[in-house]
$ cat query.cif   # mmCIF, C-alpha atoms
data_coords
loop_
_atom_site.label_atom_id
_atom_site.label_comp_id
_atom_site.auth_asym_id
_atom_site.auth_seq_id
_atom_site.Cartn_x
_atom_site.Cartn_y
_atom_site.Cartn_z
CA MET A 1 14.96 56.92 -35.80
CA THR A 2 17.46 54.17 -36.65
CA PRO A 3 19.74 53.53 -33.66
CA ALA A 4 23.38 54.44 -34.20
CA LEU A 5 25.76 51.60 -34.92
CA PRO A 6 28.46 50.94 -32.34
CA SER A 7 31.80 52.48 -33.27
CA SER A 8 33.24 49.01 -33.91
CA ALA A 9 30.62 48.47 -36.63
CA ALA A 10 31.80 51.24 -38.97
CA LEU A 11 35.23 52.44 -40.03
CA CYS A 12 36.88 54.78 -42.50
CA ARG A 13 38.79 52.88 -45.17
CA ASP A 14 41.26 55.73 -45.65
CA CYS A 15 42.33 56.68 -42.12
CA PHE A 16 40.77 53.68 -40.27
CA ALA A 17 39.00 55.86 -37.69
CA PRO A 18 35.64 54.71 -36.22
CA ALA A 19 32.88 56.25 -38.31
CA ALA A 20 29.50 55.03 -37.01
CA GLY A 21 26.48 57.10 -38.01
CA ARG A 22 28.38 59.24 -40.52
CA MET A 23 28.35 59.65 -44.30
CA ARG A 24 31.90 61.06 -44.18
CA CYS A 25 34.76 60.42 -41.82
CA ALA A 26 34.95 63.07 -39.09
CA ASN A 27 38.72 62.59 -38.97
CA CYS A 28 39.76 62.86 -42.64
CA GLY A 29 36.58 63.71 -44.52
CA SER A 30 36.63 60.57 -46.67
CA PRO A 31 33.29 59.18 -47.90
CA ARG A 32 34.75 55.66 -48.02
CA ILE A 33 32.96 54.33 -44.97
CA VAL A 34 32.21 50.64 -44.45
CA ALA A 35 29.41 50.04 -41.97
CA HIS A 36 27.57 46.91 -40.90
CA GLY A 37 26.09 45.72 -37.64
CA GLU A 38 28.23 42.56 -37.73
CA LEU A 39 31.40 44.22 -39.02
CA SER A 40 33.52 43.28 -36.01
CA ASP A 41 32.27 39.68 -35.93
CA LEU A 42 33.04 38.45 -39.47
CA ALA A 43 36.34 36.89 -40.52
CA ILE A 44 36.03 35.11 -43.91
CA ALA A 45 37.12 37.28 -46.82
CA HIS A 46 37.42 37.05 -50.57
CA VAL A 47 40.02 39.42 -52.00
CA ASP A 48 39.98 40.13 -55.73
CA CYS A 49 42.29 42.53 -57.57
CA ASP A 50 40.53 45.01 -59.86
CA ALA A 51 41.15 44.49 -63.62
CA PHE A 52 44.49 43.02 -62.52
CA TYR A 53 46.44 42.77 -65.77
CA ALA A 54 45.23 46.15 -67.00
CA SER A 55 45.96 47.78 -63.64
CA ILE A 56 49.56 46.57 -63.76
CA GLU A 57 50.05 47.88 -67.30
CA LYS A 58 48.59 51.27 -66.32
CA ARG A 59 50.83 51.35 -63.26
CA ASP A 60 53.87 50.76 -65.46
CA ASP A 61 52.84 53.24 -68.16
CA PRO A 62 51.08 56.30 -66.69
CA SER A 63 50.19 57.53 -70.21
CA LEU A 64 47.55 54.77 -70.27
CA VAL A 65 45.81 55.81 -67.05
CA ASP A 66 42.90 57.69 -68.65
CA LYS A 67 42.64 55.52 -71.76
CA PRO A 68 40.59 52.38 -72.46
CA LEU A 69 42.94 49.41 -72.25
CA ILE A 70 42.41 45.81 -73.31
CA ILE A 71 44.80 42.99 -72.49
CA GLY A 72 44.51 40.25 -75.09
CA GLY A 73 45.76 38.63 -78.28
CA GLY A 74 45.33 39.51 -81.95
CA ARG A 75 42.00 40.12 -83.64
CA ARG A 76 41.19 36.40 -83.45
CA GLY A 77 42.13 36.06 -79.81
CA VAL A 78 40.03 36.83 -76.76
CA VAL A 79 40.07 39.53 -74.09
CA SER A 80 42.07 38.49 -71.03
CA THR A 81 40.91 41.55 -69.11
CA ALA A 82 39.80 45.10 -69.76
CA CYS A 83 40.15 48.22 -67.67
CA TYR A 84 37.00 49.81 -66.29
CA ILE A 85 36.98 52.52 -68.96
CA ALA A 86 36.76 49.84 -71.66
CA ARG A 87 34.14 47.97 -69.63
CA ILE A 88 31.87 51.01 -69.81
CA LYS A 89 31.80 50.41 -73.57
CA GLY A 90 30.72 46.80 -72.99
CA VAL A 91 34.09 45.03 -73.26
CA ARG A 92 34.28 41.92 -71.07
CA SER A 93 36.77 39.16 -70.27
CA ALA A 94 36.68 36.17 -72.67
CA MET A 95 35.02 38.29 -75.37
CA PRO A 96 36.45 37.81 -78.90
CA MET A 97 38.90 40.59 -79.69
CA PHE A 98 37.14 41.59 -82.89
CA LYS A 99 33.93 42.16 -80.91
CA ALA A 100 35.78 44.14 -78.23
CA LEU A 101 37.31 46.39 -80.91
CA GLU A 102 33.91 46.95 -82.48
CA LEU A 103 32.64 48.17 -79.11
CA CYS A 104 35.75 50.18 -78.23
CA PRO A 105 37.82 50.90 -81.39
CA GLU A 106 39.89 53.55 -79.58
CA ALA A 107 41.23 51.05 -77.04
CA THR A 108 44.93 50.39 -76.59
CA ILE A 109 45.71 46.68 -76.97
CA ILE A 110 48.55 45.01 -75.04
CA ARG A 111 49.40 41.33 -75.20
CA PRO A 112 49.49 39.61 -71.80
CA ASN A 113 52.81 39.49 -69.95
CA MET A 114 52.12 36.57 -67.64
CA GLU A 115 55.58 36.53 -66.05
CA LYS A 116 55.07 40.10 -64.85
CA TYR A 117 51.54 39.44 -63.62
CA VAL A 118 52.54 36.28 -61.75
CA ALA A 119 55.39 38.17 -60.03
CA VAL A 120 52.99 40.90 -58.83
CA GLY A 121 50.48 38.26 -57.74
CA ARG A 122 53.16 36.63 -55.61
CA GLN A 123 53.96 39.95 -53.93
CA ILE A 124 50.31 40.38 -52.98
CA ARG A 125 50.07 36.75 -51.83
CA ALA A 126 53.07 37.29 -49.53
CA MET A 127 51.27 40.29 -47.98
CA MET A 128 48.22 38.10 -47.38
CA LEU A 129 50.35 35.50 -45.63
CA ASP A 130 51.71 38.25 -43.36
CA LEU A 131 48.16 38.49 -42.00
CA THR A 132 47.08 34.83 -41.77
CA PRO A 133 48.37 31.41 -42.82
CA LEU A 134 44.84 30.55 -43.98
CA VAL A 135 45.05 31.85 -47.54
CA GLU A 136 43.41 29.82 -50.31
CA PRO A 137 44.46 31.04 -53.78
CA LEU A 138 41.91 30.83 -56.58
CA SER A 139 44.09 32.45 -59.24
CA ILE A 140 47.05 34.82 -59.37
CA ASP A 141 44.83 37.79 -58.50
CA GLU A 142 42.25 36.45 -56.03
CA ALA A 143 42.10 34.38 -52.86
CA PHE A 144 40.04 33.51 -49.83
CA MET A 145 41.38 34.49 -46.40
CA ASP A 146 40.31 33.35 -42.95
CA LEU A 147 41.30 35.88 -40.28
CA SER A 148 39.60 34.12 -37.38
CA GLY A 149 41.65 34.48 -34.21
CA THR A 150 43.99 37.16 -35.60
CA GLU A 151 42.59 40.04 -33.52
CA ARG A 152 45.23 39.82 -30.81
CA LEU A 153 48.05 39.42 -33.32
CA HIS A 154 47.11 42.51 -35.34
CA ARG A 155 45.34 44.39 -32.53
CA ALA A 156 42.46 44.93 -34.90
CA SER A 157 39.29 43.26 -36.10
CA PRO A 158 39.51 41.30 -39.36
CA ALA A 159 37.63 44.14 -41.08
CA LEU A 160 40.18 46.73 -39.99
CA THR A 161 43.07 44.41 -40.87
CA LEU A 162 41.63 43.97 -44.38
CA ALA A 163 41.14 47.71 -44.87
CA ARG A 164 44.78 48.29 -43.92
CA PHE A 165 45.83 45.48 -46.25
CA ALA A 166 43.93 46.98 -49.21
CA GLN A 167 45.57 50.35 -48.60
CA ARG A 168 49.03 48.76 -48.30
CA VAL A 169 48.64 46.91 -51.63
CA GLU A 170 47.53 50.10 -53.36
CA ARG A 171 50.39 52.11 -51.87
CA GLU A 172 53.22 49.59 -52.26
CA ILE A 173 52.18 47.54 -55.30
CA GLY A 174 50.23 50.17 -57.22
CA VAL A 175 47.09 48.16 -57.96
CA THR A 176 43.69 48.22 -56.30
CA LEU A 177 41.57 45.39 -54.97
CA SER A 178 38.07 44.72 -53.69
CA VAL A 179 37.17 42.89 -50.48
CA GLY A 180 34.13 40.81 -49.65
CA LEU A 181 33.67 39.99 -45.95
CA SER A 182 31.20 37.48 -44.55
CA PHE A 183 30.85 34.33 -42.43
CA ASN A 184 31.48 31.85 -45.27
CA LYS A 185 33.27 31.58 -48.60
CA PHE A 186 30.17 31.61 -50.80
CA LEU A 187 28.93 34.94 -49.45
CA ALA A 188 32.41 36.49 -49.27
CA LYS A 189 32.89 35.75 -52.98
CA ILE A 190 29.55 37.34 -53.85
CA ALA A 191 30.32 40.36 -51.66
CA SER A 192 33.64 41.12 -53.34
CA ASP A 193 31.81 41.71 -56.65
CA LEU A 194 29.23 44.14 -55.27
CA ASP A 195 31.17 47.40 -55.30
CA LYS A 196 34.12 47.13 -57.70
CA PRO A 197 36.61 48.72 -58.09
CA ARG A 198 38.15 49.53 -54.67
CA GLY A 199 35.14 47.99 -52.99
CA PHE A 200 34.59 46.67 -49.49
CA SER A 201 31.25 44.93 -49.05
CA VAL A 202 29.86 42.98 -46.11
CA ILE A 203 27.15 40.31 -45.89
CA GLY A 204 26.25 39.24 -42.35
CA ARG A 205 24.15 36.47 -40.90
CA ALA A 206 21.13 38.70 -40.33
CA ASP A 207 20.89 39.97 -43.91
CA ALA A 208 22.16 36.90 -45.81
CA LEU A 209 18.82 35.23 -46.61
CA PRO A 210 16.92 38.34 -47.78
CA PHE A 211 19.95 39.44 -49.78
CA LEU A 212 20.27 36.05 -51.51
CA ALA A 213 16.54 35.81 -52.19
CA SER A 214 16.72 38.65 -54.74
CA LEU A 215 19.58 37.12 -56.76
CA PRO A 216 19.28 35.04 -59.95
CA VAL A 217 20.19 31.37 -59.62
CA SER A 218 23.29 31.99 -61.77
CA LYS A 219 24.91 33.62 -58.72
CA ILE A 220 25.14 30.27 -56.96
CA TRP A 221 28.56 28.66 -57.16
CA GLY A 222 28.53 25.87 -59.73
CA VAL A 223 25.45 27.02 -61.70
CA GLY A 224 26.62 27.42 -65.29
CA LYS A 225 24.55 28.28 -68.35
CA ALA A 226 23.38 24.71 -68.88
CA MET A 227 22.18 24.35 -65.29
CA GLU A 228 20.62 27.81 -65.40
CA ARG A 229 18.61 26.76 -68.49
CA ARG A 230 17.54 23.54 -66.83
CA LEU A 231 16.32 25.39 -63.74
CA ALA A 232 14.51 27.94 -65.91
CA GLU A 233 12.72 25.12 -67.72
CA ASP A 234 11.46 24.02 -64.29
CA GLY A 235 10.34 27.58 -63.53
CA ILE A 236 13.19 28.33 -61.09
CA ARG A 237 14.94 31.62 -61.75
CA SER A 238 15.71 33.20 -58.37
CA VAL A 239 17.53 32.08 -55.26
CA GLY A 240 14.42 33.07 -53.31
CA GLN A 241 12.47 30.30 -55.06
CA LEU A 242 15.11 27.76 -54.04
CA GLN A 243 14.86 28.90 -50.43
CA THR A 244 11.22 27.80 -50.31
CA MET A 245 11.84 24.36 -51.82
CA ASP A 246 12.41 21.09 -49.99
CA GLU A 247 16.03 19.91 -49.95
CA ALA A 248 15.04 16.29 -50.62
CA ASP A 249 12.97 17.36 -53.62
CA LEU A 250 15.87 19.33 -55.08
CA ALA A 251 18.16 16.34 -54.52
CA ARG A 252 15.74 14.05 -56.37
CA ARG A 253 15.55 16.48 -59.29
CA TYR A 254 19.19 17.48 -59.61
CA GLY A 255 21.26 15.00 -57.62
CA SER A 256 24.25 16.34 -55.70
CA MET A 257 23.80 19.68 -57.44
CA GLY A 258 20.33 19.87 -55.91
CA LEU A 259 21.81 19.56 -52.42
CA ARG A 260 24.26 22.33 -53.22
CA LEU A 261 21.45 24.55 -54.49
CA ALA A 262 19.38 23.97 -51.35
CA ARG A 263 22.21 24.69 -48.96
CA LEU A 264 23.82 27.66 -50.66
CA ALA A 265 20.42 29.28 -51.25
CA LYS A 266 20.10 29.30 -47.45
CA ALA A 267 23.65 30.63 -46.95
CA ASP A 268 24.88 27.24 -45.73
CA ASP A 269 28.47 26.84 -46.94
CA ARG A 270 30.65 24.70 -44.71
CA ARG A 271 33.81 24.74 -46.82
CA ALA A 272 36.87 25.84 -44.85
CA VAL A 273 39.50 28.18 -46.26
CA ASP A 274 42.11 25.62 -47.33
CA PRO A 275 45.68 26.83 -47.84
CA ARG A 276 46.51 23.48 -49.45
CA HIS A 277 44.16 24.20 -52.34
CA GLU A 278 46.01 23.65 -55.60
CA ALA A 279 45.25 24.37 -59.23
CA LYS A 280 44.03 21.29 -61.10
CA SER A 281 46.19 22.06 -64.12
CA ILE A 282 48.93 24.37 -65.35
CA GLY A 283 49.40 25.23 -68.98
CA ALA A 284 49.65 27.72 -71.82
CA GLU A 285 47.75 28.29 -75.04
CA THR A 286 47.59 30.77 -77.91
CA THR A 287 45.07 31.81 -80.55
CA PHE A 288 46.55 32.46 -84.00
CA ASP A 289 46.00 35.52 -86.18
CA ARG A 290 45.47 33.13 -89.11
CA ASP A 291 44.79 29.41 -89.43
CA TYR A 292 47.59 26.83 -89.34
CA ALA A 293 47.52 23.25 -90.55
CA SER A 294 51.03 21.92 -91.15
CA ARG A 295 53.51 20.30 -88.81
CA ASP A 296 56.16 22.91 -89.70
CA GLU A 297 53.81 25.73 -88.70
CA LEU A 298 52.45 24.20 -85.50
CA ARG A 299 55.55 22.50 -84.09
CA PRO A 300 57.54 25.65 -83.15
CA ILE A 301 54.48 27.22 -81.55
CA LEU A 302 53.89 24.07 -79.53
CA ARG A 303 57.51 24.01 -78.38
CA LYS A 304 57.25 27.55 -77.04
CA LEU A 305 54.01 26.74 -75.21
CA CYS A 306 55.63 23.68 -73.63
CA GLU A 307 58.46 25.88 -72.37
CA LYS A 308 55.96 28.31 -70.82
CA ALA A 309 53.99 25.49 -69.19
CA SER A 310 57.20 23.91 -67.88
CA LEU A 311 58.34 27.20 -66.38
CA ARG A 312 55.02 27.66 -64.58
CA LEU A 313 55.23 24.12 -63.27
CA LYS A 314 58.74 24.71 -61.94
CA ARG A 315 57.76 28.01 -60.32
CA ALA A 316 54.90 26.22 -58.56
CA ASP A 317 57.42 23.57 -57.39
CA LEU A 318 55.36 20.78 -58.96
CA ALA A 319 55.73 17.89 -61.38
CA ALA A 320 52.95 16.40 -63.53
CA TRP A 321 51.91 12.90 -64.56
CA THR A 322 49.65 13.95 -67.45
CA VAL A 323 50.26 16.02 -70.61
CA THR A 324 47.21 17.26 -72.54
CA LEU A 325 47.19 18.79 -76.00
CA LYS A 326 44.31 21.15 -76.84
CA MET A 327 43.48 22.29 -80.38
CA LYS A 328 40.58 24.34 -81.72
CA THR A 329 39.68 23.93 -85.38
CA THR A 330 38.63 26.72 -87.71
CA ASP A 331 34.98 25.74 -87.13
CA PHE A 332 35.49 26.09 -83.33
CA ARG A 333 35.53 22.37 -82.52
CA ILE A 334 37.84 21.60 -79.60
CA ARG A 335 40.06 18.52 -79.61
CA THR A 336 41.90 17.35 -76.52
CA ARG A 337 44.36 14.47 -76.38
CA SER A 338 46.07 13.34 -73.17
CA ARG A 339 48.84 10.96 -72.22
CA GLN A 340 49.77 9.58 -68.80
CA LEU A 341 53.54 9.40 -68.27
CA ALA A 342 55.50 6.55 -66.72
CA ASP A 343 57.14 9.09 -64.36
CA PRO A 344 56.07 12.65 -63.53
CA THR A 345 57.94 15.43 -65.31
CA ARG A 346 58.64 19.12 -65.14
CA LEU A 347 60.96 19.33 -68.16
CA ALA A 348 59.94 21.32 -71.24
CA ASP A 349 61.88 18.85 -73.41
CA ARG A 350 59.89 15.86 -72.20
CA ILE A 351 56.57 17.71 -72.24
CA PHE A 352 57.23 18.77 -75.84
CA ARG A 353 58.17 15.27 -76.99
CA VAL A 354 54.89 13.91 -75.65
CA ALA A 355 52.83 16.83 -76.97
CA GLU A 356 54.50 16.54 -80.37
CA GLU A 357 53.48 12.89 -80.61
CA LEU A 358 49.90 13.87 -79.75
CA LEU A 359 50.06 16.61 -82.39
CA GLU A 360 51.04 14.11 -85.09
CA GLY A 361 47.70 12.36 -84.65
CA GLU A 362 45.81 15.59 -85.37
CA LEU A 363 47.61 16.52 -88.61
CA ASP A 364 44.79 15.19 -90.75
CA GLY A 365 44.26 18.17 -93.02
CA SER A 366 42.29 20.15 -90.44
CA THR A 367 43.15 23.81 -89.95
CA TYR A 368 43.52 25.23 -86.46
CA ARG A 369 42.99 28.61 -84.84
CA LEU A 370 44.26 27.70 -81.33
CA ILE A 371 46.74 25.32 -79.75
CA GLY A 372 47.56 24.73 -76.09
CA VAL A 373 49.25 22.34 -73.72
CA SER A 374 48.34 21.66 -70.09
CA LEU A 375 49.83 19.60 -67.27
CA SER A 376 47.82 17.89 -64.55
CA ASN A 377 47.83 15.13 -61.91
CA PHE A 378 50.52 16.83 -59.89
CA ALA A 379 53.27 15.03 -57.98
CA ASP A 380 56.16 15.80 -55.66
CA PRO A 381 58.98 17.25 -57.80
CA ALA A 382 61.40 14.87 -56.05
CA LEU A 383 59.80 12.07 -58.10
CA ALA A 384 60.25 13.86 -61.42
CA ASP A 385 62.38 12.83 -64.37
CA PRO A 386 64.50 9.89 -63.16
CA ASP A 387 67.44 8.82 -65.32
CA ASP A 388 66.33 7.38 -68.65
CA LEU A 389 68.32 4.23 -69.45
CA VAL A 390 66.67 3.93 -72.87
CA ASP A 391 67.56 7.51 -73.89
CA PRO A 392 71.01 8.42 -72.49
CA ALA A 393 70.85 11.80 -74.27
CA ALA A 394 67.92 12.81 -72.02
CA ALA A 395 70.31 13.69 -69.19
CA ARG A 396 72.23 16.06 -71.46
CA ARG A 397 69.02 17.72 -72.62
CA ALA A 398 67.89 18.13 -69.01
CA ALA A 399 71.21 19.75 -68.09
CA ALA A 400 70.94 22.08 -71.08
CA GLU A 401 67.41 23.03 -70.03
CA ALA A 402 68.58 23.82 -66.50
CA ALA A 403 71.27 26.11 -67.94
CA ILE A 404 68.68 27.84 -70.15
CA ASP A 405 66.38 28.32 -67.15
CA LYS A 406 69.23 29.95 -65.25
CA LEU A 407 69.98 32.34 -68.11
CA ARG A 408 66.31 33.25 -68.46
CA GLY A 409 66.13 33.85 -64.73
CA ARG A 410 68.95 36.37 -65.02
CA PHE A 411 68.24 38.03 -68.37
CA GLY A 412 64.53 37.46 -69.05
CA GLY A 413 62.33 34.90 -70.74
CA ASP A 414 63.47 35.79 -74.27
CA ALA A 415 67.21 35.76 -73.49
CA VAL A 416 67.73 32.32 -75.01
CA GLY A 417 65.50 29.84 -76.80
CA HIS A 418 65.37 26.42 -78.36
CA GLY A 419 66.26 26.24 -82.05
CA ILE A 420 62.81 24.91 -82.96
CA THR A 421 61.15 28.10 -81.77
CA PHE A 422 63.21 30.25 -84.17
CA ARG A 423 61.60 28.71 -87.24
CA PRO A 424 59.22 31.12 -88.95
CA HIS A 425 55.64 30.55 -87.90
CA GLU A 426 54.03 33.97 -87.80
#

$ encode --input "query.cif" --output "structure tokens"
Amino acid sequence: MTPALPSSAALCRDCFAPAAGRMRCANCGSPRIVAHGELSDLAIAHVDCDAFYASIEKRDDPSLVDKPLIIGGGRRGVVSTACYIARIKGVRSAMPMFKALELCPEATIIRPNMEKYVAVGRQIRAMMLDLTPLVEPLSIDEAFMDLSGTERLHRASPALTLARFAQRVEREIGVTLSVGLSFNKFLAKIASDLDKPRGFSVIGRADALPFLASLPVSKIWGVGKAMERRLAEDGIRSVGQLQTMDEADLARRYGSMGLRLARLAKADDRRAVDPRHEAKSIGAETTFDRDYASRDELRPILRKLCEKASLRLKRADLAAWTVTLKMKTTDFRIRTRSRQLADPTRLADRIFRVAEELLEGELDGSTYRLIGVSLSNFADPALADPDDLVDPAAARRAAAEAAIDKLRGRFGGDAVGHGITFRPHE
């Protein structure tokens, strides 16, 4: 007979009562029990919202609750996310929209509303910070959390604190999330994917190595398709194979990636949860419903994207040294052109002027299906946009942009726009 777990090693995720040795909670009858021998000892979590964009849209329109829903662009765009009903039909993030509609023709399609999603993400992030200052965002809907040392503050183990947090988000925000709990970031990230949606999975020290051994190498952080193919060519397909290999040999074969493979295969991840972690770039892009080639067609679209990127930069309280233009041709070739600025900026006007100059160099008769702009090499916003003695009108444009930002803040993103963006380009 398997010995019963201590009461601290199992809890009900609905009423939070101890639930060791039970399939259902004796207190409320819920089957949502999380049990693990190390449950009270683990403190590193990965929290990931379930089908985040789709969940928000279903929250805001209850008529969509039982319908397949895809968030994405036109037929030539890609899927941003899909609800779990659509996923049953095979729809996945980053899939071309035409393929998604072939798999699930009855789906409702909604274009992404990033302003709304970012606002909800910030609400959830604030709830995380109520629990611990050690929150490392990965995107607007996922983050690592380190709850070490918070037991006295919350009068609960990290596991119980996270279960309460998941319930609070569902009750107050109206979206669900999944939690992975472990002793390092690598395993916590893997755990959060094990039981979606509304999952809570645990990987402890005792079960880490046998659990990892059964996984494909693609589950290791940093192993993309190219690296997976290279490993397969060498006969390495499972994490278990990596566990038996010499670290020095892996380093000789694959360099620094070999060291990462050796260590993560053995559950050795020494990265701390870093609240100072920042995105490497901020930007916006769009895929067209038909191809565009001319300056008159592309310029107004680019202006609008620069305004979106600028707004995201301002909301993140950042400035950027580098502007990058991204374009995808009809034959799916990607072109990127970057320019380093003399001073960092956060102004849509300045971003657009640089991006427009980069665009001019790509108007060579090629036709394009996608255009985007991104900002990187972040700086303190206090350094941004000093007075321009060469262009005295720049100060007036900056003041006008500040006024537009204020109006949009009060009345919405479409309340007022730049004249360029009103030119027909659809």

$ resolve_selection --input "query.cif" --expression "the PyMOL selection byres ((chain A and resi 325) around 6)" --output "PyMOL selection string"
chain A and resi 324+326+336-337+372-373

$ residues_around --input "query.cif" --residues "Ala82 of chain A" --least-positions-apart "3" --cutoff "7 Å" --atoms "only C-alpha atoms" --output "PyMOL selection string"
chain A and resi 51+54+69-71+86-87+91-93

$ resolve_selection --input "query.cif" --expression "the PyMOL selection byres ((chain A and resi 83) around 12)" --output "VMD selection string"
chain A and resid 49 to 59 64 to 72 79 to 82 84 to 93 104 107 to 110 175 to 176 196 to 197

$ write_last_selection --input "query.cif" --atoms "C-alpha atoms" --output "CSV table (one decimal), in the coordinates of the input"
chain,number,residue,atom,x,y,z
A,49,CYS,CA,42.3,42.5,-57.6
A,50,ASP,CA,40.5,45.0,-59.9
A,51,ALA,CA,41.2,44.5,-63.6
A,52,PHE,CA,44.5,43.0,-62.5
A,53,TYR,CA,46.4,42.8,-65.8
A,54,ALA,CA,45.2,46.2,-67.0
A,55,SER,CA,46.0,47.8,-63.6
A,56,ILE,CA,49.6,46.6,-63.8
A,57,GLU,CA,50.0,47.9,-67.3
A,58,LYS,CA,48.6,51.3,-66.3
A,59,ARG,CA,50.8,51.4,-63.3
A,64,LEU,CA,47.6,54.8,-70.3
A,65,VAL,CA,45.8,55.8,-67.0
A,66,ASP,CA,42.9,57.7,-68.6
A,67,LYS,CA,42.6,55.5,-71.8
A,68,PRO,CA,40.6,52.4,-72.5
A,69,LEU,CA,42.9,49.4,-72.2
A,70,ILE,CA,42.4,45.8,-73.3
A,71,ILE,CA,44.8,43.0,-72.5
A,72,GLY,CA,44.5,40.2,-75.1
A,79,VAL,CA,40.1,39.5,-74.1
A,80,SER,CA,42.1,38.5,-71.0
A,81,THR,CA,40.9,41.6,-69.1
A,82,ALA,CA,39.8,45.1,-69.8
A,84,TYR,CA,37.0,49.8,-66.3
A,85,ILE,CA,37.0,52.5,-69.0
A,86,ALA,CA,36.8,49.8,-71.7
A,87,ARG,CA,34.1,48.0,-69.6
A,88,ILE,CA,31.9,51.0,-69.8
A,89,LYS,CA,31.8,50.4,-73.6
A,90,GLY,CA,30.7,46.8,-73.0
A,91,VAL,CA,34.1,45.0,-73.3
A,92,ARG,CA,34.3,41.9,-71.1
A,93,SER,CA,36.8,39.2,-70.3
A,104,CYS,CA,35.8,50.2,-78.2
A,107,ALA,CA,41.2,51.0,-77.0
A,108,THR,CA,44.9,50.4,-76.6
A,109,ILE,CA,45.7,46.7,-77.0
A,110,ILE,CA,48.6,45.0,-75.0
A,175,VAL,CA,47.1,48.2,-58.0
A,176,THR,CA,43.7,48.2,-56.3
A,196,LYS,CA,34.1,47.1,-57.7
A,197,PRO,CA,36.6,48.7,-58.1

$ atom_distance --input "query.cif" --atom1 "atom CA of Gly222 of chain A" --atom2 "atom CA of Phe186 of chain A"
10.7 Å

$ atom_distance --input "query.cif" --atom1 "atom CA of Met127 of chain A" --atom2 "atom CA of Asn113 of chain A"
22.0 Å

$ resolve_selection --input "query.cif" --expression "the PyMOL selection byres ((chain A and resi 202-214) around 6)" --output "PyMOL selection string"
chain A and resi 180-182+201+215+239-240

$ closest_residue --input "query.cif" --among "A:Ile371, A:Ala251, A:Met23, A:Ala265" --to "Gly283 of chain A" --atoms "all atoms listed in the file"
A:Ile371

$ atom_distance --input "query.cif" --atom1 "atom CA of Arg312 of chain A" --atom2 "atom CA of Pro137 of chain A"
15.5 Å

$ closest_residue --input "query.cif" --among "A:Gly255, A:Pro62, A:Pro344, A:Gly361" --to "Leu383 of chain A" --atoms "all atoms listed in the file"
A:Pro344

$ closest_residue --input "query.cif" --among "A:Ala226, A:Asp48, A:Ala191, A:Lys219" --to "Glu142 of chain A" --atoms "all atoms listed in the file"
A:Asp48

$ closest_residue --input "query.cif" --among "A:Val179, A:Ala166, A:Met327, A:Val118" --to "Ile44 of chain A" --atoms "only C-alpha atoms"
A:Val179

$ residues_around --input "query.cif" --residues "Ile220 of chain A" --least-positions-apart "6" --cutoff "12 Å" --atoms "all atoms listed in the file" --output "PyMOL selection string"
chain A and resi 185-187+189-190+212-213+227-228+237-240+242+257-258+260-269

$ closest_residue --input "query.cif" --among "A:Arg299, A:Ser30, A:Ala43, A:Lys328" --to "Ser157 of chain A" --atoms "all atoms listed in the file"
A:Ala43

$ residues_around --input "query.cif" --residues "Glu151 of chain A" --least-positions-apart "3" --cutoff "12 Å" --atoms "only C-alpha atoms" --output "count of residues only"
18

$ residues_around --input "query.cif" --residues "Ala379 of chain A" --least-positions-apart "5" --cutoff "8 Å" --atoms "only C-alpha atoms" --output "list in words"
Leu318, Ala319, Ala320, Trp321, Pro344 and Ala384 of chain A

$ closest_residue --input "query.cif" --among "A:Ser376, A:Thr322, A:Ser139, A:Thr367" --to "Val354 of chain A" --atoms "all atoms listed in the file"
A:Thr322

$ build_atoms --input "query.cif" --residues "segment 266-272 of chain A" --atoms "N, CA, C and O atoms" --output "PDB file, in the frame of the given file"
ATOM      1  N   LYS A 266      20.365  28.933 -48.843  1.00  0.00           N
ATOM      2  CA  LYS A 266      20.100  29.300 -47.450  1.00  0.00           C
ATOM      3  C   LYS A 266      21.378  29.717 -46.719  1.00  0.00           C
ATOM      4  O   LYS A 266      21.451  29.676 -45.487  1.00  0.00           O
ATOM      5  N   ALA A 267      22.388  30.103 -47.511  1.00  0.00           N
ATOM      6  CA  ALA A 267      23.650  30.630 -46.950  1.00  0.00           C
ATOM      7  C   ALA A 267      24.409  29.599 -46.140  1.00  0.00           C
ATOM      8  O   ALA A 267      25.182  29.952 -45.249  1.00  0.00           O
ATOM      9  N   ASP A 268      24.211  28.325 -46.450  1.00  0.00           N
ATOM     10  CA  ASP A 268      24.880  27.240 -45.730  1.00  0.00           C
ATOM     11  C   ASP A 268      26.067  26.752 -46.569  1.00  0.00           C
ATOM     12  O   ASP A 268      25.910  25.969 -47.493  1.00  0.00           O
ATOM     13  N   ASP A 269      27.241  27.243 -46.249  1.00  0.00           N
ATOM     14  CA  ASP A 269      28.470  26.840 -46.940  1.00  0.00           C
ATOM     15  C   ASP A 269      29.485  26.465 -45.874  1.00  0.00           C
ATOM     16  O   ASP A 269      29.989  27.325 -45.148  1.00  0.00           O
ATOM     17  N   ARG A 270      29.785  25.173 -45.783  1.00  0.00           N
ATOM     18  CA  ARG A 270      30.650  24.700 -44.710  1.00  0.00           C
ATOM     19  C   ARG A 270      32.100  24.497 -45.142  1.00  0.00           C
ATOM     20  O   ARG A 270      32.899  23.945 -44.393  1.00  0.00           O
ATOM     21  N   ARG A 271      32.434  24.905 -46.344  1.00  0.00           N
ATOM     22  CA  ARG A 271      33.810  24.740 -46.820  1.00  0.00           C
ATOM     23  C   ARG A 271      34.751  25.635 -46.006  1.00  0.00           C
ATOM     24  O   ARG A 271      34.500  26.823 -45.828  1.00  0.00           O
ATOM     25  N   ALA A 272      35.859  25.065 -45.564  1.00  0.00           N
ATOM     26  CA  ALA A 272      36.870  25.840 -44.850  1.00  0.00           C
ATOM     27  C   ALA A 272      37.816  26.492 -45.863  1.00  0.00           C
ATOM     28  O   ALA A 272      37.971  26.024 -46.994  1.00  0.00           O
TER      29      ALA A 272
END
